[in-house]
Structure formats: C-alpha cells, structure tokens
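Enquirer: Can you keep this structure in mind? I'll have questions shortly.
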Amino acid sequence: MRRISVSCGLLVLLGLLSVTVEAAAPPEWAVMECRGLKAWTDVIYYWIDRQNEDGSFGFGLNDDCEFYEMWPIVVMGADDQRMVKSLRKALDWVWYNESLVDGYHSGARDVSHAAEVTSNTQPLMTIVDYGNPVFIERMMVTSKN
C-alpha cells in the first residue's frame, strides 16, 4: 500500500512541475512548400473539373501528355486519389488513342515526339499507382518495340 501512495504522490508532484511549451513556428521553407503544393493542387483541380469524358483535356495528344507530366509530384505530396483517378482516365485515353501503335505515336514527325506520348505518361503511374500491372505491361509493350 505504501508503494501505491508513494507512486501517487510522485505523479501529483510531476503534474505540478510539468511545463507547457509552445510549439515553434514552422520554418519558412516548409510554409512556402505547403503554399506551392496548394497552388499546384488548385490548378490541377481546375483542369480535372474540365476533363473531357474520354479522359483528354482538349489540348491534343502531344500537349495533353506534356500537361500532366508534373502531376506525380503533387499526387505524392498530397496523396490525392482524385488526381490519381483523373490520371488513370487520361492515360487510358492516351494508350487507346487510335494514333498509338505499339506504344508509339504513329502521327509524329520525329523520333522524340513519337516516343513522348507514352514516355511522358505511362511511367508516371508506376510511381503514383505503384505495382499496378496495367502500366507495367504498357511500358513492356513500348520497350519491346
């Protein structure tokens, strides 16, 4: 019984001696990073709200592909499933586009533009949707041709 009363006494004493410390303000770089992430998110949401039913954004195949190549940075920073769903829809539109043959844009006039349609898009999902076999298979099709 004595041990219990000593333990209770110590807890009361520690409770009386405890100090409340105010949390330090976050560093300026962290504040700016959060603002930047929020700004990017707002821009992406603006375009998601205007995404066409087929998954495109209306800029054309090449420009659409360049448009969302930076999205994974925001998706990983915000873990935003709305963006992931939009990307899946957009990348399906790219992959099933009639001008794509064996993972390459058949209407392109040079090698760089023939490959960028898939090289700027499909690998994004291996980061955003890790382990999804659909995108791994698409990259395998492209790489063998």
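Residues in the structure tokens are numbered from 1 in each chain, the chains being A, B, ... in the order shown, and ligands are numbered from 1 in the order shown.
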Applying 12 Å and only C-alpha atoms, which residues near stretch 55-57 of chain A remain after dropping the ones on its own chain fewer than 4 positions away? List them as a ChimeraX atom specification.
Expert: /A:44,46-51,61-68,85-97
Enquirer: Among chain A, which ones does DSSP assign to alpha helix (DSSP H) (computed from the backbone)? Answer as a ChimeraX atom specification.
Expert: /A:2-17,28-48,61-67,71-78,81-95,111-119,122-128,133-143
Enquirer: Stretch 130-144 of chain A: which residues within 12 Å, counting only C-alpha atoms, same-chain residues fewer than 5 positions away excluded, as a short mmCIF file (atom, residue, chain, number, x, y, z; two decimals) with N, CA and C atoms, in the first residue's frame?
Expert:
data_model
loop_
_atom_site.label_atom_id
_atom_site.label_comp_id
_atom_site.auth_asym_id
_atom_site.auth_seq_id
_atom_site.Cartn_x
_atom_site.Cartn_y
_atom_site.Cartn_z
N PRO A 72 2.64 13.85 -60.70
CA PRO A 72 3.05 12.94 -59.63
C PRO A 72 3.67 13.63 -58.42
N MET A 76 1.99 12.69 -54.95
CA MET A 76 2.76 12.08 -53.85
C MET A 76 2.79 12.98 -52.63
N VAL A 84 -5.29 10.85 -58.87
CA VAL A 84 -4.91 9.52 -59.38
C VAL A 84 -5.99 9.02 -60.34
N LEU A 87 -5.71 10.92 -63.58
CA LEU A 87 -4.55 10.47 -64.35
C LEU A 87 -4.81 9.12 -65.02
N ARG A 88 -5.43 8.20 -64.30
CA ARG A 88 -5.74 6.89 -64.90
C ARG A 88 -6.61 7.08 -66.15
N LEU A 91 -4.53 8.68 -68.95
CA LEU A 91 -3.54 7.77 -69.53
C LEU A 91 -4.19 6.62 -70.29
N ASP A 92 -5.40 6.26 -69.90
CA ASP A 92 -6.15 5.30 -70.72
C ASP A 92 -6.50 5.93 -72.07
N VAL A 94 -4.80 8.18 -73.63
CA VAL A 94 -3.56 8.18 -74.41
C VAL A 94 -3.31 6.79 -74.99
N TRP A 95 -3.36 5.77 -74.13
CA TRP A 95 -2.99 4.42 -74.55
C TRP A 95 -3.92 3.88 -75.64
N TYR A 96 -5.20 4.19 -75.54
CA TYR A 96 -6.16 3.65 -76.50
C TYR A 96 -6.44 4.61 -77.66
N LEU A 100 -1.90 5.70 -81.65
CA LEU A 100 -0.84 4.99 -80.94
C LEU A 100 -0.71 3.56 -81.49
N VAL A 101 0.48 3.21 -81.92
CA VAL A 101 0.74 1.87 -82.46
C VAL A 101 1.93 1.29 -81.71
N ASP A 102 1.71 0.18 -81.02
CA ASP A 102 2.77 -0.48 -80.24
C ASP A 102 3.47 0.47 -79.27
N GLY A 103 2.71 1.38 -78.70
CA GLY A 103 3.27 2.29 -77.71
C GLY A 103 3.91 3.55 -78.26
N TYR A 104 3.80 3.76 -79.56
CA TYR A 104 4.39 4.96 -80.18
C TYR A 104 3.35 5.71 -80.99
N HIS A 105 3.48 7.03 -81.01
CA HIS A 105 2.57 7.90 -81.76
C HIS A 105 2.91 7.82 -83.24
N ALA A 114 7.42 10.91 -81.32
CA ALA A 114 6.79 9.59 -81.42
C ALA A 114 6.80 8.89 -80.07
N ALA A 115 7.85 9.08 -79.31
CA ALA A 115 8.00 8.39 -78.03
C ALA A 115 7.43 9.16 -76.85
N GLU A 116 7.37 10.49 -76.94
CA GLU A 116 6.99 11.27 -75.75
C GLU A 116 5.57 11.02 -75.29
N VAL A 117 4.70 10.63 -76.19
CA VAL A 117 3.31 10.39 -75.80
C VAL A 117 3.22 9.31 -74.73
N THR A 118 4.00 8.26 -74.85
CA THR A 118 3.98 7.23 -73.82
C THR A 118 5.08 7.41 -72.78
N SER A 119 6.24 7.89 -73.20
CA SER A 119 7.33 8.04 -72.22
C SER A 119 7.06 9.17 -71.23
N ASN A 120 6.21 10.12 -71.59
CA ASN A 120 5.84 11.19 -70.66
C ASN A 120 4.64 10.82 -69.81
N THR A 121 4.00 9.70 -70.09
CA THR A 121 2.76 9.40 -69.39
C THR A 121 2.78 8.09 -68.61
N GLN A 122 2.95 6.99 -69.29
CA GLN A 122 2.77 5.69 -68.65
C GLN A 122 3.70 5.46 -67.45
N PRO A 123 4.98 5.84 -67.50
CA PRO A 123 5.84 5.66 -66.33
C PRO A 123 5.38 6.45 -65.09
N LEU A 124 4.62 7.51 -65.30
CA LEU A 124 4.11 8.28 -64.15
C LEU A 124 3.34 7.39 -63.20
N MET A 125 2.57 6.49 -63.77
CA MET A 125 1.70 5.67 -62.93
C MET A 125 2.46 4.59 -62.17
#
